[in-house]
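Coordinates as given in start_6.cif (mmCIF, C-alpha atoms):
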```cif
data_my_file
loop_
_atom_site.label_atom_id
_atom_site.label_comp_id
_atom_site.auth_asym_id
_atom_site.auth_seq_id
_atom_site.Cartn_x
_atom_site.Cartn_y
_atom_site.Cartn_z
CA MET A 589 138.83 77.48 116.02
CA ALA A 590 135.79 77.58 113.77
CA LYS A 591 137.44 78.66 110.53
CA ASN A 592 140.64 77.68 108.77
CA TYR A 593 141.65 80.65 106.66
CA TYR A 594 144.28 78.65 104.77
CA GLU A 595 141.57 76.26 103.60
CA ASP A 596 139.31 79.19 102.69
CA LEU A 597 141.99 80.51 100.31
CA GLY A 598 143.15 77.06 99.20
CA VAL A 599 146.78 77.58 100.25
CA SER A 600 149.16 75.81 102.63
CA ARG A 601 150.57 77.30 105.82
CA THR A 602 153.93 77.63 104.05
CA ALA A 603 152.47 79.75 101.23
CA THR A 604 154.39 82.93 100.42
CA PRO A 605 152.68 86.36 100.59
CA ASN A 606 152.63 86.41 96.79
CA GLU A 607 150.98 82.98 96.63
CA ILE A 608 148.38 84.10 99.17
CA LYS A 609 147.65 87.22 97.14
CA LYS A 610 147.31 85.26 93.87
CA ALA A 611 144.96 82.75 95.48
CA TYR A 612 142.84 85.56 96.89
CA ARG A 613 142.56 87.40 93.57
CA LYS A 614 141.57 84.20 91.75
CA LEU A 615 138.81 83.46 94.26
CA ALA A 616 137.67 87.10 94.37
CA ARG A 617 137.13 87.12 90.63
CA LYS A 618 135.21 83.84 90.88
CA TYR A 619 132.91 84.71 93.78
CA HIS A 620 132.37 88.46 93.62
CA PRO A 621 128.54 88.77 93.78
CA ASP A 622 128.41 91.29 90.95
CA VAL A 623 129.79 88.75 88.46
CA SER A 624 129.44 85.31 90.05
CA LYS A 625 126.56 82.94 89.30
CA GLU A 626 127.25 80.86 92.41
CA ALA A 627 124.29 80.76 94.82
CA ASP A 628 126.51 81.39 97.86
CA ALA A 629 128.80 83.93 96.18
CA GLU A 630 128.31 86.69 98.76
CA VAL A 631 128.97 84.36 101.70
CA LYS A 632 132.07 82.98 99.98
CA MET A 633 133.28 86.50 99.19
CA GLN A 634 132.97 87.57 102.82
CA ALA A 635 134.83 84.47 103.98
CA ILE A 636 137.80 84.96 101.66
CA ASN A 637 137.93 88.68 102.52
CA VAL A 638 138.31 87.84 106.21
CA ALA A 639 140.85 85.10 105.45
CA TYR A 640 142.95 87.37 103.24
CA ASP A 641 142.79 90.27 105.69
CA THR A 642 144.37 88.02 108.32
CA LEU A 643 146.89 86.05 106.26
CA SER A 644 148.19 89.06 104.29
CA ASN A 645 149.11 90.93 107.47
CA GLU A 646 152.28 89.66 109.14
CA GLU A 647 151.21 90.41 112.71
CA LYS A 648 147.67 89.10 112.28
CA LYS A 649 148.98 85.97 110.59
CA LYS A 650 151.44 85.35 113.43
CA GLN A 651 148.65 85.64 116.01
CA TYR A 652 146.33 83.45 113.93
CA ASP A 653 149.00 80.74 113.51
CA PHE A 654 149.47 80.75 117.29
CA GLU A 655 145.73 80.24 117.75
CA LEU A 656 145.77 77.39 115.22
CA ASP A 657 148.57 75.68 117.13
CA ASN A 658 146.95 76.40 120.49
CA PRO A 659 143.20 75.93 119.95
CA TYR A 660 142.43 75.89 123.68
CA ALA A 661 144.33 79.04 124.53
CA ASN A 662 142.17 81.75 126.15
CA ALA A 663 142.23 84.19 123.24
CA SER A 664 140.27 87.36 123.95
CA GLY A 665 137.48 88.33 121.61
CA PHE A 666 135.40 91.51 121.59
CA GLY A 667 134.39 92.63 125.04
CA GLY A 668 136.87 90.24 126.65
CA GLN A 669 134.97 87.12 125.54
CA SER A 670 136.91 84.00 124.70
CA SER A 671 136.88 82.98 121.05
CA GLY A 672 134.86 79.88 121.73
CA GLN A 673 131.92 81.68 123.35
CA GLY A 674 129.11 83.90 122.09
CA GLY A 675 129.55 87.14 120.24
CA PHE A 676 132.34 87.68 117.72
CA ASP A 677 135.16 85.24 117.07
CA GLY A 678 138.34 86.97 118.17
CA SER A 679 140.28 85.19 115.44
CA GLN A 680 138.26 87.01 112.79
CA PHE A 681 138.59 90.53 114.14
CA HIS A 682 142.16 91.28 115.20
CA ARG A 683 142.74 94.83 116.31
CA SER A 684 145.88 96.95 116.62
CA TYR A 685 146.64 100.60 117.17
CA SER A 686 147.73 102.08 113.87
CA GLN A 687 150.31 104.82 114.12
CA GLY A 688 150.64 105.15 110.35
CA GLY A 689 153.27 103.72 108.01
CA GLY A 690 155.01 100.36 108.15
CA GLU A 691 151.81 98.34 107.92
CA ASP A 692 151.33 95.64 105.34
CA PHE A 693 148.41 96.47 103.08
CA SER A 694 145.68 94.00 103.99
CA GLY A 695 143.95 94.46 100.62
CA PHE A 696 140.23 93.90 101.19
CA GLU A 697 138.48 92.96 97.96
CA ASP A 698 136.03 95.58 96.73
CA LEU A 699 134.99 95.17 93.12
CA PHE A 700 132.94 98.37 92.90
CA GLY A 701 130.81 97.89 95.94
CA ARG A 702 131.85 95.53 98.73
CA PHE A 703 134.41 96.17 101.41
CA GLY A 704 136.04 93.34 103.31
CA SER A 705 134.41 92.39 106.57
CA GLY A 706 137.50 92.33 108.82
CA PHE A 707 137.02 95.05 111.43
CA GLY A 708 140.17 97.15 111.85
CA GLY A 709 141.83 98.50 114.93
CA GLY A 710 141.98 101.55 117.05
CA ARG A 711 140.04 100.01 119.98
CA SER A 712 141.63 98.69 123.11
CA GLN A 713 141.34 94.92 123.33
CA ASP A 714 140.56 95.14 127.00
CA PHE A 715 137.33 97.09 127.34
CA GLY A 716 137.48 96.43 131.07
CA GLN A 717 140.20 99.08 131.21
CA ARG A 718 138.15 101.58 129.24
CA GLY A 719 138.25 104.18 132.00
CA SER A 720 142.02 104.43 131.86
CA GLN A 721 142.07 104.41 128.05
CA GLN A 722 139.39 106.97 127.25
CA GLN A 723 141.62 109.99 127.67
CA ARG A 724 144.16 108.74 125.14
CA SER A 725 143.78 109.54 121.46
CA TYR A 726 144.52 107.01 118.75
CA ARG A 727 144.79 107.41 115.02
CA GLY A 728 142.25 105.31 113.12
CA GLU A 729 143.52 102.26 111.28
CA ASP A 730 144.28 102.51 107.57
CA GLN A 731 141.87 100.51 105.46
CA HIS A 732 142.35 98.86 102.10
CA ALA A 733 140.14 97.99 99.15
CA SER A 734 140.69 96.95 95.56
CA ILE A 735 138.56 97.81 92.55
CA GLN A 736 138.45 96.38 89.07
CA ILE A 737 138.33 98.84 86.20
CA PRO A 738 138.19 98.42 82.41
CA VAL A 739 141.50 98.84 80.62
CA ASN A 740 140.42 102.02 78.80
CA ILE A 741 140.54 103.89 82.13
CA GLY A 742 144.23 103.04 82.31
CA TYR A 743 144.71 104.90 79.02
CA GLU A 744 142.35 107.81 79.65
CA GLY A 745 141.75 108.16 83.40
CA ALA A 746 138.30 108.66 84.92
CA THR A 747 136.39 109.63 88.04
CA GLN A 748 134.53 106.64 89.51
CA SER A 749 131.71 106.69 92.04
CA ILE A 750 132.17 103.68 94.34
CA THR A 751 130.18 102.55 97.36
CA LEU A 752 132.10 100.89 100.18
CA GLN A 753 130.93 99.13 103.30
CA ILE A 754 133.37 100.46 105.90
CA PRO A 755 133.93 98.50 109.14
CA THR A 756 133.66 100.84 112.15
CA TYR A 757 132.54 100.99 115.80
CA ASN A 758 129.51 102.55 117.43
CA ALA A 759 129.48 104.54 120.68
CA TYR A 760 129.35 101.29 122.70
CA GLY A 761 132.49 99.87 121.15
CA GLU A 762 130.52 97.39 119.04
CA PRO A 763 131.50 96.71 115.41
CA GLU A 764 129.14 97.82 112.69
CA VAL A 765 129.26 98.56 108.95
CA GLN A 766 128.91 102.07 107.55
CA ARG A 767 128.13 102.57 103.86
CA LYS A 768 130.15 105.29 102.24
CA THR A 769 130.00 106.54 98.64
CA LEU A 770 133.14 108.22 97.34
CA GLN A 771 134.13 109.92 94.13
CA VAL A 772 137.53 108.48 93.25
CA LYS A 773 139.68 110.13 90.62
CA ILE A 774 141.68 107.46 88.81
CA PRO A 775 144.55 109.04 86.86
CA LYS A 776 145.60 107.51 83.57
CA GLY A 777 148.71 105.38 83.67
CA MET A 778 147.87 103.35 86.79
CA LYS A 779 149.68 100.00 86.72
CA GLU A 780 147.99 96.82 87.87
CA GLY A 781 148.44 96.68 91.64
CA GLN A 782 149.17 100.37 92.17
CA GLN A 783 147.22 102.11 94.92
CA ILE A 784 145.34 105.38 95.30
CA ARG A 785 145.49 106.95 98.76
CA LEU A 786 142.42 108.76 100.06
CA SER A 787 143.52 110.80 103.05
CA LYS A 788 141.48 110.37 106.27
CA GLN A 789 138.85 108.15 104.62
CA GLY A 790 139.80 105.08 106.64
CA GLN A 791 138.89 103.96 110.17
CA ALA A 792 137.67 106.77 112.45
CA GLY A 793 140.10 107.94 115.12
CA ILE A 794 139.53 107.29 118.83
CA ASN A 795 139.00 110.09 121.36
CA GLY A 796 139.77 112.85 118.88
CA GLY A 797 142.53 111.03 117.03
CA GLU A 798 142.71 111.63 113.29
CA ASN A 799 141.14 109.19 110.86
CA GLY A 800 143.21 106.60 109.07
CA ASP A 801 143.65 106.60 105.31
CA LEU A 802 141.91 104.48 102.68
CA TYR A 803 144.10 102.77 100.08
CA ILE A 804 142.44 101.54 96.90
CA GLU A 805 144.36 99.03 94.82
CA ILE A 806 143.80 99.11 91.07
CA GLN A 807 143.07 95.88 89.22
CA TYR A 808 142.09 95.61 85.57
CA GLN A 809 139.15 93.54 84.39
CA ASP A 810 140.20 90.54 82.33
CA THR A 811 138.09 89.81 79.27
CA ASP A 812 138.19 87.15 76.56
CA ARG A 813 140.53 89.44 74.62
CA ILE A 814 142.35 91.62 77.12
CA ARG A 815 144.54 91.02 80.14
CA VAL A 816 146.96 93.35 81.91
CA GLU A 817 150.21 92.51 83.65
CA GLY A 818 151.73 95.51 85.38
CA ALA A 819 151.73 98.12 82.61
CA ASP A 820 151.78 95.58 79.75
CA VAL A 821 148.55 94.88 77.86
CA TYR A 822 147.86 91.63 75.98
CA TYR A 823 145.22 91.93 73.27
CA THR A 824 143.97 88.99 71.20
CA VAL A 825 143.57 89.76 67.48
CA ASP A 826 141.61 87.57 65.05
CA VAL A 827 143.23 87.05 61.64
CA THR A 828 142.28 84.99 58.61
CA PRO A 829 144.35 82.01 57.46
CA TRP A 830 145.51 83.91 54.37
CA GLU A 831 146.52 86.97 56.40
CA ALA A 832 148.58 84.69 58.61
CA ALA A 833 150.08 82.70 55.73
CA LEU A 834 150.83 85.59 53.38
CA GLY A 835 151.88 88.17 55.97
CA GLN A 836 149.30 90.80 55.07
CA SER A 837 148.81 94.27 56.55
CA ILE A 838 145.74 94.76 58.76
CA GLU A 839 144.13 97.65 60.66
CA ILE A 840 142.73 96.91 64.11
CA ASP A 841 141.12 98.74 67.01
CA THR A 842 143.19 98.29 70.17
CA PRO A 843 143.01 99.76 73.69
CA ALA A 844 145.66 102.21 72.48
CA GLY A 845 143.58 103.22 69.44
CA LYS A 846 143.60 102.17 65.79
CA VAL A 847 146.88 100.75 64.55
CA LYS A 848 148.14 99.25 61.28
CA VAL A 849 150.38 96.22 61.58
CA THR A 850 151.79 93.62 59.24
CA VAL A 851 151.10 90.07 60.29
CA PRO A 852 154.33 88.05 60.10
CA LYS A 853 154.39 85.62 57.17
CA ASN A 854 153.39 82.10 58.26
CA ALA A 855 152.24 83.43 61.62
CA LYS A 856 151.10 80.87 64.19
CA ASN A 857 148.33 80.86 66.78
CA ASP A 858 149.33 82.68 69.98
CA GLN A 859 152.29 84.33 68.29
CA GLN A 860 152.80 87.82 69.73
CA LEU A 861 153.56 91.15 68.07
CA ARG A 862 155.01 93.75 70.41
CA LEU A 863 154.04 97.39 69.98
CA LYS A 864 156.58 99.27 72.07
CA ASP A 865 155.27 101.78 74.63
CA LYS A 866 151.65 101.20 73.54
CA GLY A 867 150.63 99.62 76.85
CA ILE A 868 149.44 101.50 79.94
CA PRO A 869 150.96 105.02 79.64
CA ASN A 870 152.76 104.88 82.97
CA LYS A 871 155.89 106.90 83.84
CA THR A 872 157.62 103.86 82.39
CA PRO A 873 155.14 102.93 79.61
CA GLY A 874 154.14 99.33 79.15
CA HIS A 875 154.01 97.52 75.84
CA LEU A 876 150.99 96.33 73.87
CA TYR A 877 151.24 92.70 72.80
CA LEU A 878 148.99 91.60 69.96
CA VAL A 879 148.27 87.89 70.34
CA ILE A 880 147.47 86.17 67.02
CA ASN A 881 144.30 84.06 66.85
CA ILE A 882 143.74 82.44 63.46
CA VAL A 883 140.04 82.10 62.60
CA TYR A 884 138.94 79.68 59.88
CA PRO A 885 135.81 80.47 57.87
CA LYS A 886 132.96 77.96 57.66
CA VAL A 887 132.14 76.35 54.36
CA THR A 888 128.62 77.30 53.23
CA THR A 889 128.76 77.24 49.41
CA ASP A 890 130.04 74.94 46.69
CA GLN A 891 132.57 77.56 45.67
CA GLN A 892 133.98 77.65 49.19
CA GLN A 893 134.03 73.86 49.30
CA LYS A 894 136.05 73.85 46.07
CA ALA A 895 138.42 76.51 47.44
CA TYR A 896 139.21 74.31 50.43
CA GLN A 897 139.67 71.29 48.17
CA ASP A 898 142.06 73.27 45.94
CA PHE A 899 143.92 74.30 49.08
CA ALA A 900 144.19 70.69 50.18
CA ASP A 901 145.43 69.62 46.73
CA ALA A 902 148.06 72.37 46.72
CA PHE A 903 149.41 71.16 50.06
CA ASN A 904 149.01 67.41 49.59
CA ASP A 905 152.54 66.85 50.91
CA PHE A 906 151.75 68.57 54.23
CA HIS A 907 151.18 66.06 57.06
CA PRO A 908 150.71 67.86 60.41
CA ARG A 909 150.35 64.60 62.39
CA SER A 910 153.39 62.83 61.00
#
```
Would you give me this structure, written as structure tokens?
Amino acid sequence: MAKNYYEDLGVSRTATPNEIKKAYRKLARKYHPDVSKEADAEVKMQAINVAYDTLSNEEKKKQYDFELDNPYANASGFGGQSSGQGGFDGSQFHRSYSQGGGEDFSGFEDLFGRFGSGFGGGRSQDFGQRGSQQQRSYRGEDQHASIQIPVNIGYEGATQSITLQIPTYNAYGEPEVQRKTLQVKIPKGMKEGQQIRLSKQGQAGINGGENGDLYIEIQYQDTDRIRVEGADVYYTVDVTPWEAALGQSIEIDTPAGKVKVTVPKNAKNDQQLRLKDKGIPNKTPGHLYLVINIVYPKVTTDQQQKAYQDFADAFNDFHPRS
């Protein structure tokens, strides 16, 4: 077998579905070509998409593990080829008839533009029996993507234009990629990890069968100041040493709008202030956590130098390293 998907994601074979998902998200944020500075970012992104598509799906993972344990088994690839010969590697492109429901979301990464390269089902694995299969109709496979959006969309909602590269098949049963641009309405209040279902925008049906659906998972863009967990928002706020020491009132711009808060007296770095229900306005609203970051001014004048010296004299009995 040419590729080891566990190594691609940096996980062990005993990794849980949640560990696999976390590893995938971490790598996707590192290698997505729109944000990565790595020279081989696009190649890496395609590799981890294929790996995640397989390992996040219980049936595909089971088949893949069998192939890992039995590398010389005669696994069929596209067109009945064995996985070790020319053409496509059967281990990369597992196919199954999707009858809707009950499937584990495979979660291709698509950060506003790239769809995972695992080609989904709907085709018979044995094209030699095509004559007996042609008269049967099959529903197209559901497909899955994830997009990263700024946190303000979670508060306001928006309509996003996204371009996907959809895996499909041509008239000869050969896999190809079709570009599709969609207008996606993102309602406010979407939690991290929630999905939007676009009816019949997934894999095309076979012999008149209806198309599958496209599921788009919502992820929020992390910044130096903002991160989202579920519906909770963590926002880093800079404060001066005197605001932190004296417990002063400050006004700040937050993702939830302008708010006035009182900094706790003797506040410490990374201390959190919880603003109830000010997170993502979901059916069950999240909270907004203000994370204190104390910023110390630089000394540029004699007066400032003296102020620091007076401060040091006033606290001459303070020994932080004792």
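CA of Asp858 in chain A sits 21.1 Å away from CA of His907 in chain A.
Distance check against Lys866 in chain A using only C-alpha atoms: of A:Ser910, A:Pro829, A:Asn854, A:Gly777, the minimum falls on A:Gly777.
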(request) Between A:Glu839, A:Glu744, A:Glu630, A:Asp901, single out the one closest to Lys618 in chain A, counting all atoms listed in the file. (result) A:Glu630
(message) Report as a count of residues only all protein, DNA and RNA residues lying within 12 Å of Asn606 in chain A, evaluated on all atoms listed in the file, omitting residues in the same chain fewer than 5 positions from it.
(response) 7
(message) Please report the interatomic distance between CA of Ile608 in chain A and CA of Glu764 in chain A in Å with one decimal.
(response) 27.2 Å
(message) Could you check which residues have any atom within 9 Å of (145.7, 95.5, 88.2), counting only C-alpha atoms with coordinates taken straight from the file, and then list them as a PyMOL selection string?
(response) chain A and resi 735-737+778-782+805-809+816-819
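The space between CA of Asp812 in chain A and CA of Gly742 in chain A spans 17.9 Å.
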(request) Starting from the displayed file, determine the output of the PyMOL selection byres ((chain A and resi 594) around 10) and express the residue list as a PyMOL selection string. (result) chain A and resi 591-593+595-603+608+636+639-640+643
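Remark: for Asp810 in chain A, the closest of the candidate residues A:Gln771, A:Gln892, A:Thr824, A:Gln651 is A:Thr824 (distances computed over only C-alpha atoms).
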(request) Could you give me, as an MDAnalysis selection string, the residues within 10 Å of Ile741 in chain A, counting only C-alpha atoms and dropping anything in the same chain fewer than 6 positions from it? (result) chainID A and resid 747:748 774:778 808 843 868
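Distances to Thr642 in chain A were evaluated for A:Lys609, A:Gln859, A:Asp865, A:Ile750 using all atoms listed in the file, and the minimum falls at A:Lys609.
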(request) Compile the contact shell of Glu831 in chain A as a list in words: residues with an atom at most 10 Å away, counting only C-alpha atoms, same-chain residues fewer than 3 positions apart removed. (result) Asp826, Val827, Thr828, Leu834, Gly835, Gln836, Ser837, Ile838, Thr850, Val851, Pro852, Lys853, Asn854, Ala855 and Ile882 of chain A
(request) Let me know the residues the PyMOL selection byres ((chain A and resi 727) around 6) catches in the file above, as an MDAnalysis selection string. (result) chainID A and resid 726 728 793 797:799
Output for the residues just chosen: C-alpha atoms as an mmCIF file, keeping the file's coordinate frame:
```
data_model
loop_
_atom_site.group_PDB
_atom_site.id
_atom_site.type_symbol
_atom_site.label_atom_id
_atom_site.label_comp_id
_atom_site.auth_asym_id
_atom_site.auth_seq_id
_atom_site.Cartn_x
_atom_site.Cartn_y
_atom_site.Cartn_z
ATOM 1 C CA TYR A 726 144.520 107.010 118.750
ATOM 2 C CA GLY A 728 142.250 105.310 113.120
ATOM 3 C CA GLY A 793 140.100 107.940 115.120
ATOM 4 C CA GLY A 797 142.530 111.030 117.030
ATOM 5 C CA GLU A 798 142.710 111.630 113.290
ATOM 6 C CA ASN A 799 141.140 109.190 110.860
#
```
(message) Expand the PyMOL selection byres ((chain A and resi 770) around 10) into the explicit residue set it covers here, and present it as a ChimeraX atom specification.
(response) /A:747-752,767-769,771-773,786,789
(message) Which residues are close to Lys856 in chain A, i.e. within 8 Å by all atoms listed in the file, leaving aside same-chain residues fewer than 4 positions away? Reply as number ranges by chain.
(response) A: 832, 880-882
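Across A:Val821, A:Pro605, A:His732, A:Lys894, the tightest approach to Lys864 in chain A is made by A:Val821 when counting only C-alpha atoms.
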(request) Just the residues within 6 Å of Leu878 in chain A, please, counting only C-alpha atoms, with nothing from its chain fewer than 5 positions along; format it as a PyMOL selection string. (result) chain A and resi 823-824+860-861
Exercise on range 741-749 of chain A, axis-aligned box with 5 Å per side, report centre and edge lengths in Å to one decimal, as AutoDock Vina command-line options:
```
--center_x 138.2 --center_y 106.3 --center_z 85.5 --size_x 23.0 --size_y 16.6 --size_z 23.0
```
